[in-house]
$ cat model_37.cif   # mmCIF, C-alpha atoms
data_query
loop_
_atom_site.group_PDB
_atom_site.id
_atom_site.type_symbol
_atom_site.label_atom_id
_atom_site.label_comp_id
_atom_site.auth_asym_id
_atom_site.auth_seq_id
_atom_site.Cartn_x
_atom_site.Cartn_y
_atom_site.Cartn_z
ATOM 1 C CA MET A 1473 -97.107 9.214 -170.994
ATOM 2 C CA LYS A 1474 -100.186 11.197 -171.941
ATOM 3 C CA ASP A 1475 -103.510 9.562 -171.100
ATOM 4 C CA THR A 1476 -105.419 9.263 -174.386
ATOM 5 C CA SER A 1477 -108.367 7.278 -173.029
ATOM 6 C CA PRO A 1478 -111.770 8.855 -173.756
ATOM 7 C CA MET A 1479 -113.417 10.894 -171.035
ATOM 8 C CA PRO A 1480 -116.291 9.039 -169.380
ATOM 9 C CA LEU A 1481 -119.746 10.139 -170.397
ATOM 10 C CA PRO A 1482 -121.499 12.174 -167.668
ATOM 11 C CA ASP A 1483 -124.371 10.414 -165.921
ATOM 12 C CA PRO A 1484 -127.805 11.731 -166.963
ATOM 13 C CA ASP A 1485 -128.981 11.214 -163.380
ATOM 14 C CA ASP A 1486 -126.492 13.886 -162.265
ATOM 15 C CA VAL A 1487 -127.913 16.680 -164.441
ATOM 16 C CA LEU A 1488 -130.354 18.097 -161.890
ATOM 17 C CA ARG A 1489 -127.797 17.975 -159.076
ATOM 18 C CA THR A 1490 -125.311 19.790 -161.275
ATOM 19 C CA TYR A 1491 -127.733 22.570 -162.192
ATOM 20 C CA GLU A 1492 -128.723 22.878 -158.540
ATOM 21 C CA ALA A 1493 -125.069 23.474 -157.679
ATOM 22 C CA VAL A 1494 -124.254 25.946 -160.476
ATOM 23 C CA ALA A 1495 -127.530 27.861 -160.828
ATOM 24 C CA GLN A 1496 -126.143 31.276 -159.908
ATOM 25 C CA ASP A 1497 -123.028 30.900 -162.068
ATOM 26 C CA PHE A 1498 -125.066 29.520 -164.954
ATOM 27 C CA ALA A 1499 -127.490 32.450 -164.783
ATOM 28 C CA ARG A 1500 -124.653 34.984 -164.780
ATOM 29 C CA ALA A 1501 -122.955 33.339 -167.765
ATOM 30 C CA ARG A 1502 -126.125 32.754 -169.815
ATOM 31 C CA SER A 1503 -126.145 34.888 -172.961
ATOM 32 C CA ARG A 1504 -128.771 37.632 -172.939
ATOM 33 C CA ALA A 1505 -128.464 38.154 -176.701
ATOM 34 C CA LEU A 1506 -131.798 36.363 -177.285
ATOM 35 C CA PHE A 1507 -130.641 34.634 -180.435
ATOM 36 C CA GLU A 1508 -133.794 32.512 -179.999
ATOM 37 C CA ARG A 1509 -136.077 35.482 -180.753
ATOM 38 C CA ARG A 1510 -137.002 34.473 -184.302
ATOM 39 C CA TRP A 1511 -138.155 31.026 -183.188
ATOM 40 C CA LEU A 1512 -140.061 32.406 -180.217
ATOM 41 C CA ASP A 1513 -141.851 34.963 -182.362
ATOM 42 C CA ARG A 1514 -142.758 32.330 -184.946
ATOM 43 C CA ALA A 1515 -144.067 30.012 -182.237
ATOM 44 C CA LEU A 1516 -146.259 32.781 -180.803
ATOM 45 C CA GLY A 1517 -147.578 33.433 -184.305
ATOM 46 C CA PHE A 1518 -148.828 29.847 -184.560
ATOM 47 C CA ALA A 1519 -149.949 29.358 -180.949
ATOM 48 C CA PRO A 1520 -153.679 29.685 -180.181
ATOM 49 C CA GLY A 1521 -153.083 31.786 -177.061
ATOM 50 C CA ARG A 1522 -150.492 32.997 -174.559
ATOM 51 C CA GLU A 1523 -150.407 30.295 -171.875
ATOM 52 C CA VAL A 1524 -146.829 28.970 -171.911
ATOM 53 C CA LEU A 1525 -145.403 25.852 -170.247
ATOM 54 C CA ASP A 1526 -141.626 26.202 -169.912
ATOM 55 C CA LEU A 1527 -140.082 22.768 -169.208
ATOM 56 C CA GLY A 1528 -136.576 22.758 -167.770
ATOM 57 C CA CYS A 1529 -137.099 26.469 -167.398
ATOM 58 C CA GLY A 1530 -133.764 27.404 -165.847
ATOM 59 C CA PRO A 1531 -133.334 30.955 -164.522
ATOM 60 C CA GLY A 1532 -135.914 32.532 -166.837
ATOM 61 C CA ARG A 1533 -133.689 34.970 -168.679
ATOM 62 C CA PRO A 1534 -133.743 35.773 -171.487
ATOM 63 C CA ILE A 1535 -136.445 33.497 -172.942
ATOM 64 C CA ALA A 1536 -139.200 33.534 -170.314
ATOM 65 C CA SER A 1537 -138.762 37.214 -169.511
ATOM 66 C CA TYR A 1538 -139.027 38.026 -173.231
ATOM 67 C CA LEU A 1539 -142.247 36.032 -173.547
ATOM 68 C CA ALA A 1540 -143.677 37.604 -170.388
ATOM 69 C CA GLU A 1541 -143.046 41.032 -171.884
ATOM 70 C CA ARG A 1542 -145.237 39.892 -174.783
ATOM 71 C CA ARG A 1543 -148.185 39.222 -172.469
ATOM 72 C CA CYS A 1544 -147.530 35.497 -172.085
ATOM 73 C CA ARG A 1545 -148.571 33.852 -168.848
ATOM 74 C CA MET A 1546 -145.586 31.738 -167.895
ATOM 75 C CA THR A 1547 -145.473 28.439 -166.039
ATOM 76 C CA GLY A 1548 -141.946 27.232 -165.315
ATOM 77 C CA VAL A 1549 -140.983 23.685 -164.371
ATOM 78 C CA ASP A 1550 -137.496 22.694 -163.249
ATOM 79 C CA GLY A 1551 -136.066 19.839 -161.220
ATOM 80 C CA ALA A 1552 -133.475 22.144 -159.617
ATOM 81 C CA ALA A 1553 -134.953 24.195 -156.777
ATOM 82 C CA SER A 1554 -132.362 26.943 -157.172
ATOM 83 C CA MET A 1555 -133.373 27.393 -160.814
ATOM 84 C CA CYS A 1556 -137.020 27.667 -159.778
ATOM 85 C CA ALA A 1557 -136.130 30.411 -157.287
ATOM 86 C CA LEU A 1558 -134.282 32.368 -159.979
ATOM 87 C CA TYR A 1559 -137.150 31.903 -162.425
ATOM 88 C CA GLN A 1560 -139.677 33.203 -159.913
ATOM 89 C CA ALA A 1561 -137.485 36.254 -159.215
ATOM 90 C CA ASN A 1562 -136.744 36.966 -162.896
ATOM 91 C CA VAL A 1563 -140.269 36.420 -164.232
ATOM 92 C CA PRO A 1564 -142.670 38.185 -161.844
ATOM 93 C CA GLY A 1565 -146.127 36.668 -161.880
ATOM 94 C CA ALA A 1566 -144.970 33.309 -163.232
ATOM 95 C CA VAL A 1567 -146.212 30.065 -161.743
ATOM 96 C CA THR A 1568 -143.249 27.840 -160.876
ATOM 97 C CA TYR A 1569 -143.117 24.131 -160.085
ATOM 98 C CA HIS A 1570 -140.093 22.379 -158.612
ATOM 99 C CA GLU A 1571 -140.745 19.130 -160.469
ATOM 100 C CA ASP A 1572 -138.951 16.698 -162.730
ATOM 101 C CA MET A 1573 -140.464 17.079 -166.179
ATOM 102 C CA ARG A 1574 -140.354 13.306 -166.710
ATOM 103 C CA GLY A 1575 -143.859 12.021 -166.076
ATOM 104 C CA LEU A 1576 -145.129 15.507 -165.274
ATOM 105 C CA GLY A 1577 -148.888 15.814 -164.851
ATOM 106 C CA LEU A 1578 -150.078 19.334 -164.075
ATOM 107 C CA GLY A 1579 -153.674 18.684 -165.150
ATOM 108 C CA ARG A 1580 -153.667 21.778 -167.365
ATOM 109 C CA ARG A 1581 -153.206 22.474 -171.046
ATOM 110 C CA TYR A 1582 -151.149 25.233 -172.602
ATOM 111 C CA ASP A 1583 -150.869 27.136 -175.881
ATOM 112 C CA LEU A 1584 -147.093 26.899 -176.196
ATOM 113 C CA ILE A 1585 -144.819 24.225 -174.709
ATOM 114 C CA LEU A 1586 -141.082 24.897 -174.557
ATOM 115 C CA ALA A 1587 -138.342 22.361 -173.959
ATOM 116 C CA TRP A 1588 -135.498 24.612 -175.071
ATOM 117 C CA ASP A 1589 -132.056 23.237 -174.198
ATOM 118 C CA SER A 1590 -133.656 20.876 -171.685
ATOM 119 C CA LEU A 1591 -135.029 17.786 -173.447
ATOM 120 C CA PHE A 1592 -131.553 16.907 -174.653
ATOM 121 C CA HIS A 1593 -130.337 16.446 -171.063
ATOM 122 C CA LEU A 1594 -132.547 13.352 -170.759
ATOM 123 C CA ALA A 1595 -131.463 9.829 -171.611
ATOM 124 C CA PRO A 1596 -132.935 8.490 -174.869
ATOM 125 C CA ASP A 1597 -135.701 6.411 -173.256
ATOM 126 C CA ASP A 1598 -136.697 9.345 -171.042
ATOM 127 C CA GLN A 1599 -136.884 11.557 -174.123
ATOM 128 C CA ARG A 1600 -139.164 9.058 -175.803
ATOM 129 C CA GLY A 1601 -141.479 9.155 -172.806
ATOM 130 C CA MET A 1602 -141.713 12.944 -172.886
ATOM 131 C CA PHE A 1603 -143.859 13.042 -176.019
ATOM 132 C CA ALA A 1604 -146.852 11.673 -174.134
ATOM 133 C CA THR A 1605 -146.204 14.354 -171.495
ATOM 134 C CA PHE A 1606 -146.172 17.039 -174.172
ATOM 135 C CA ALA A 1607 -149.484 15.775 -175.548
ATOM 136 C CA ALA A 1608 -151.054 15.620 -172.078
ATOM 137 C CA HIS A 1609 -150.425 19.362 -171.668
ATOM 138 C CA ALA A 1610 -151.486 20.395 -175.182
ATOM 139 C CA ARG A 1611 -154.786 21.707 -176.489
ATOM 140 C CA PRO A 1612 -155.765 21.865 -180.162
ATOM 141 C CA ARG A 1613 -153.115 23.808 -182.117
ATOM 142 C CA THR A 1614 -150.696 24.055 -179.189
ATOM 143 C CA VAL A 1615 -147.165 24.713 -180.440
ATOM 144 C CA LEU A 1616 -144.260 22.601 -179.175
ATOM 145 C CA LEU A 1617 -140.790 24.141 -179.508
ATOM 146 C CA PHE A 1618 -137.738 22.115 -178.522
ATOM 147 C CA THR A 1619 -134.067 21.638 -179.309
ATOM 148 C CA SER A 1620 -132.159 18.428 -179.942
ATOM 149 C CA GLY A 1621 -128.910 17.288 -181.473
ATOM 150 C CA PRO A 1622 -128.652 17.011 -185.262
ATOM 151 C CA ASP A 1623 -128.551 13.205 -185.121
ATOM 152 C CA ALA A 1624 -128.648 10.310 -182.674
ATOM 153 C CA GLY A 1625 -125.905 10.155 -180.079
ATOM 154 C CA GLU A 1626 -124.717 10.848 -176.535
ATOM 155 C CA VAL A 1627 -122.055 13.412 -175.656
ATOM 156 C CA GLY A 1628 -120.665 15.265 -172.675
ATOM 157 C CA GLY A 1629 -121.089 18.997 -172.315
ATOM 158 C CA GLN A 1630 -120.601 21.619 -169.626
ATOM 159 C CA ALA A 1631 -122.759 23.846 -167.446
ATOM 160 C CA ALA A 1632 -120.831 26.584 -165.660
ATOM 161 C CA GLY A 1633 -117.685 24.471 -165.932
ATOM 162 C CA LEU A 1634 -119.147 21.200 -164.654
ATOM 163 C CA PRO A 1635 -119.804 18.185 -166.899
ATOM 164 C CA VAL A 1636 -123.369 17.485 -168.008
ATOM 165 C CA TYR A 1637 -124.952 14.813 -170.164
ATOM 166 C CA HIS A 1638 -126.514 15.462 -173.577
ATOM 167 C CA ALA A 1639 -128.325 13.024 -175.867
ATOM 168 C CA SER A 1640 -130.307 13.121 -179.061
ATOM 169 C CA LEU A 1641 -132.477 10.757 -181.020
ATOM 170 C CA SER A 1642 -132.360 10.726 -184.806
ATOM 171 C CA PRO A 1643 -134.515 13.198 -186.757
ATOM 172 C CA ASP A 1644 -136.547 10.288 -188.146
ATOM 173 C CA GLU A 1645 -137.273 9.023 -184.645
ATOM 174 C CA TYR A 1646 -138.302 12.462 -183.423
ATOM 175 C CA ARG A 1647 -140.661 12.747 -186.392
ATOM 176 C CA GLY A 1648 -142.185 9.377 -185.561
ATOM 177 C CA LEU A 1649 -142.630 10.234 -181.873
ATOM 178 C CA LEU A 1650 -144.220 13.568 -182.723
ATOM 179 C CA ALA A 1651 -146.678 11.933 -185.124
ATOM 180 C CA GLN A 1652 -147.520 9.200 -182.626
ATOM 181 C CA ALA A 1653 -148.236 11.824 -179.946
ATOM 182 C CA GLY A 1654 -150.488 13.832 -182.256
ATOM 183 C CA PHE A 1655 -148.110 16.569 -183.414
ATOM 184 C CA GLU A 1656 -147.401 17.718 -186.958
ATOM 185 C CA VAL A 1657 -143.977 19.184 -187.729
ATOM 186 C CA LEU A 1658 -144.109 22.850 -188.695
ATOM 187 C CA ASP A 1659 -140.369 23.283 -189.102
ATOM 188 C CA PHE A 1660 -137.087 21.548 -188.383
ATOM 189 C CA VAL A 1661 -133.717 23.257 -188.829
ATOM 190 C CA PRO A 1662 -130.614 21.251 -187.922
ATOM 191 C CA GLU A 1663 -127.773 23.385 -186.557
ATOM 192 C CA ASP A 1664 -129.550 26.620 -187.442
ATOM 193 C CA PRO A 1665 -126.821 29.160 -188.309
ATOM 194 C CA ASN A 1666 -129.161 31.961 -187.248
ATOM 195 C CA CYS A 1667 -129.656 30.426 -183.785
ATOM 196 C CA HIS A 1668 -126.084 29.769 -182.609
ATOM 197 C CA GLY A 1669 -126.123 26.348 -184.251
ATOM 198 C CA HIS A 1670 -129.091 25.013 -182.302
ATOM 199 C CA THR A 1671 -131.087 22.196 -183.866
ATOM 200 C CA VAL A 1672 -134.678 23.372 -183.539
ATOM 201 C CA TRP A 1673 -138.042 21.638 -183.869
ATOM 202 C CA MET A 1674 -141.395 23.381 -184.040
ATOM 203 C CA ALA A 1675 -144.574 21.275 -184.107
ATOM 204 C CA ARG A 1676 -148.319 21.774 -183.642
ATOM 205 C CA TYR A 1677 -150.722 19.533 -181.746
ATOM 206 C CA VAL A 1678 -153.447 18.107 -183.973
ATOM 207 C CA GLY A 1679 -154.279 15.044 -181.887
ATOM 208 C CA GLY A 1680 -157.316 14.165 -179.826
#
$ encode --input "model_37.cif" --output "structure tokens"
Amino acid sequence: MKDTSPMPLPDPDDVLRTYEAVAQDFARARSRALFERRWLDRALGFAPGREVLDLGCGPGRPIASYLAERRCRMTGVDGAASMCALYQANVPGAVTYHEDMRGLGLGRRYDLILAWDSLFHLAPDDQRGMFATFAAHARPRTVLLFTSGPDAGEVGGQAAGLPVYHASLSPDEYRGLLAQAGFEVLDFVPEDPNCHGHTVWMARYVGG
């Protein structure tokens, strides 16, 4: 008899261990097509400068290396040490922190904050807490660029063949959290057909 029971949801606490284990394979498989280019260019157009905080930075290619080529000064943060090592090798001159982005406090402010394909690996309550972290690293007119799911829910995904957790809040909740943290939404495109179906948020810090 075929087992038709649903697959268990991956544990969000396993995400960093998984990326630590698959870093090299993940980096080799990661598309270099830079389908994110339009969003990155738009974000740079709004940002007040070129200091970039890359949260859940991964191996650094293609996004961070593209931004570095455009005179951005990159700071990468990742909870997987092997990803930090790849980032440092792939983005010469970058500052890299082996830190969990939850509760991060670098004591610096940046012009552009990225949480591209990283925020959605956090459990819902941890995502909610990240908006204060974003604000703590933002200066006036800082741009925040992140991806989410198109609506609230939890699903299992894969990273280099291993299961990983994904979650999203609802668009209305993201809007409320952004406003509460002092950000105004510049654009929101659910399942952007020009960005491999990514759901993309771009906001600007207007808070204190």
$ resolve_selection --input "model_37.cif" --expression "the PyMOL selection byres ((chain A and resi 1631-1634) around 6)" --output "JSON, numbers by chain"
{"A": [1498, 1630, 1635]}
$ resolve_selection --input "model_37.cif" --expression "the PyMOL selection byres ((chain A and resi 1526) around 7)" --output "PDB file with C-alpha atoms, in the coordinates of the input"
ATOM      1  CA  VAL A1524    -146.829  28.970-171.911  1.00  0.00           C
ATOM      2  CA  LEU A1525    -145.403  25.852-170.247  1.00  0.00           C
ATOM      3  CA  LEU A1527    -140.082  22.768-169.208  1.00  0.00           C
ATOM      4  CA  GLY A1528    -136.576  22.758-167.770  1.00  0.00           C
ATOM      5  CA  CYS A1529    -137.099  26.469-167.398  1.00  0.00           C
ATOM      6  CA  THR A1547    -145.473  28.439-166.039  1.00  0.00           C
ATOM      7  CA  GLY A1548    -141.946  27.232-165.315  1.00  0.00           C
ATOM      8  CA  VAL A1549    -140.983  23.685-164.371  1.00  0.00           C
ATOM      9  CA  ILE A1585    -144.819  24.225-174.709  1.00  0.00           C
ATOM     10  CA  LEU A1586    -141.082  24.897-174.557  1.00  0.00           C
ATOM     11  CA  ALA A1587    -138.342  22.361-173.959  1.00  0.00           C
TER      12      ALA A1587
END
$ closest_atom_pairs --input "model_37.cif" --of "region 1491-1539 of chain A" --to "region 1655-1659 of chain A" --cutoff "12 Å" --atoms "only C-alpha atoms" --output "tab-separated table"
residue	atom	partner	partner_atom	distance
A:Trp1511	CA	A:Asp1659	CA	10.0
A:Arg1514	CA	A:Asp1659	CA	10.2
A:Ala1515	CA	A:Leu1658	CA	9.6
A:Gly1517	CA	A:Leu1658	CA	12.0
A:Phe1518	CA	A:Leu1658	CA	9.4
A:Ala1519	CA	A:Leu1658	CA	11.7
$ residues_near_point --input "model_37.cif" --point "(-127.8, 15.2, -163.3)" --cutoff "10 Å" --atoms "only C-alpha atoms" --output "list in words"
Pro1482, Asp1483, Pro1484, Asp1485, Asp1486, Val1487, Leu1488, Arg1489, Thr1490, Tyr1491, Glu1492, Gly1551, Ala1552, His1593, Leu1594, Pro1635, Val1636 and Tyr1637 of chain A
$ residues_around --input "model_37.cif" --residues "Pro1612 (chain A)" --least-positions-apart "3" --cutoff "12 Å" --atoms "all atoms listed in the file" --output "number ranges by chain"
A: 1518-1521, 1581-1584, 1607-1609, 1615-1616, 1654-1656, 1675-1680
$ closest_atom_pairs --input "model_37.cif" --of "region 1570-1626 of chain A" --to "region 1666-1670 of chain A" --cutoff "10 Å" --atoms "all atoms listed in the file" --output "CSV"
residue,atom,partner,partner_atom,distance
A:Trp1588,CA,A:His1670,CA,9.7
A:Asp1589,CA,A:His1670,CA,8.8
A:Phe1618,CA,A:His1670,CA,9.9
A:Thr1619,CA,A:His1670,CA,6.7
A:Ser1620,CA,A:His1670,CA,7.6
A:Gly1621,CA,A:His1670,CA,7.8
A:Pro1622,CA,A:His1670,CA,8.5
$ resolve_selection --input "model_37.cif" --expression "the PyMOL selection byres ((chain A and resi 1638-1649) around 6)" --output "VMD selection string"
chain A and resid 1592 to 1593 1620 to 1621 1623 to 1628 1637 1650 to 1652
$ axis_aligned_box --input "model_37.cif" --around "region 1545-1555 of chain A" --padding-each-side "8 Å" --output "AutoDock Vina command-line options"
--center_x -140.5 --center_y 26.8 --center_z -162.8 --size_x 32.2 --size_y 30.0 --size_z 28.1
$ atom_distance --input "model_37.cif" --atom1 "CA of Met1546 (chain A)" --atom2 "CA of Pro1531 (chain A)"
12.7 Å
$ closest_residue --input "model_37.cif" --among "A:Ile1535, A:Ala1610, A:Ala1540, A:Leu1591" --to "Phe1507 (chain A)" --atoms "all atoms listed in the file"
A:Ile1535
$ atom_distance --input "model_37.cif" --atom1 "CA of Leu1506 (chain A)" --atom2 "CA of Thr1614 (chain A)"
22.6 Å
$ atom_distance --input "model_37.cif" --atom1 "CA of Asp1597 (chain A)" --atom2 "CA of Leu1576 (chain A)"
15.3 Å
$ decode --input "model_37.cif" --residues "region 1481-1499 of chain A" --atoms "N, CA, C and O atoms" --output "compact mmCIF listing (two decimals), in the first residue's frame"
# COMPACT_ATOMS: atom_id res chain seq x y z
N LEU A 1481 6.74 18.70 8.05
CA LEU A 1481 7.32 20.00 7.74
C LEU A 1481 8.74 20.07 8.31
O LEU A 1481 8.97 19.69 9.46
N PRO A 1482 9.73 20.52 7.53
CA PRO A 1482 11.08 20.65 8.09
C PRO A 1482 11.10 21.60 9.28
O PRO A 1482 10.27 22.52 9.38
N ASP A 1483 12.03 21.39 10.18
CA ASP A 1483 12.17 22.20 11.38
C ASP A 1483 12.93 23.49 11.04
O ASP A 1483 14.03 23.41 10.49
N PRO A 1484 12.38 24.66 11.35
CA PRO A 1484 13.12 25.89 11.06
C PRO A 1484 14.45 25.97 11.79
O PRO A 1484 15.38 26.64 11.31
N ASP A 1485 14.58 25.29 12.92
CA ASP A 1485 15.85 25.31 13.65
C ASP A 1485 16.95 24.52 12.94
O ASP A 1485 18.11 24.61 13.33
N ASP A 1486 16.58 23.75 11.91
CA ASP A 1486 17.58 22.98 11.16
C ASP A 1486 18.14 23.72 9.96
O ASP A 1486 19.06 23.23 9.30
N VAL A 1487 17.60 24.89 9.64
CA VAL A 1487 17.98 25.57 8.40
C VAL A 1487 19.47 25.88 8.35
O VAL A 1487 20.16 25.60 7.35
N LEU A 1488 20.01 26.45 9.42
CA LEU A 1488 21.43 26.83 9.40
C LEU A 1488 22.33 25.60 9.31
O LEU A 1488 23.33 25.61 8.59
N ARG A 1489 21.97 24.53 10.02
CA ARG A 1489 22.77 23.31 9.94
C ARG A 1489 22.74 22.74 8.53
O ARG A 1489 23.75 22.22 8.02
N THR A 1490 21.59 22.82 7.89
CA THR A 1490 21.48 22.31 6.53
C THR A 1490 22.36 23.11 5.57
O THR A 1490 23.12 22.53 4.77
N TYR A 1491 22.29 24.43 5.65
CA TYR A 1491 23.11 25.24 4.74
C TYR A 1491 24.60 25.09 5.05
O TYR A 1491 25.43 25.18 4.14
N GLU A 1492 24.93 24.85 6.30
CA GLU A 1492 26.33 24.57 6.64
C GLU A 1492 26.80 23.32 5.91
O GLU A 1492 27.92 23.28 5.38
N ALA A 1493 25.94 22.31 5.85
CA ALA A 1493 26.32 21.03 5.26
C ALA A 1493 26.38 21.08 3.73
O ALA A 1493 27.18 20.36 3.12
N VAL A 1494 25.55 21.91 3.11
CA VAL A 1494 25.43 21.86 1.64
C VAL A 1494 26.01 23.09 0.97
O VAL A 1494 25.78 23.31 -0.23
N ALA A 1495 26.77 23.90 1.67
CA ALA A 1495 27.21 25.20 1.13
C ALA A 1495 27.87 25.07 -0.24
O ALA A 1495 27.54 25.81 -1.18
N GLN A 1496 28.82 24.16 -0.37
CA GLN A 1496 29.54 24.03 -1.64
C GLN A 1496 28.59 23.60 -2.76
O GLN A 1496 28.62 24.17 -3.87
N ASP A 1497 27.76 22.61 -2.50
CA ASP A 1497 26.81 22.15 -3.52
C ASP A 1497 25.80 23.24 -3.86
O ASP A 1497 25.43 23.42 -5.03
N PHE A 1498 25.33 23.94 -2.85
CA PHE A 1498 24.38 25.03 -3.09
C PHE A 1498 25.01 26.10 -3.98
O PHE A 1498 24.38 26.59 -4.92
N ALA A 1499 26.24 26.48 -3.68
CA ALA A 1499 26.92 27.52 -4.46
C ALA A 1499 27.11 27.09 -5.91
O ALA A 1499 26.94 27.90 -6.83
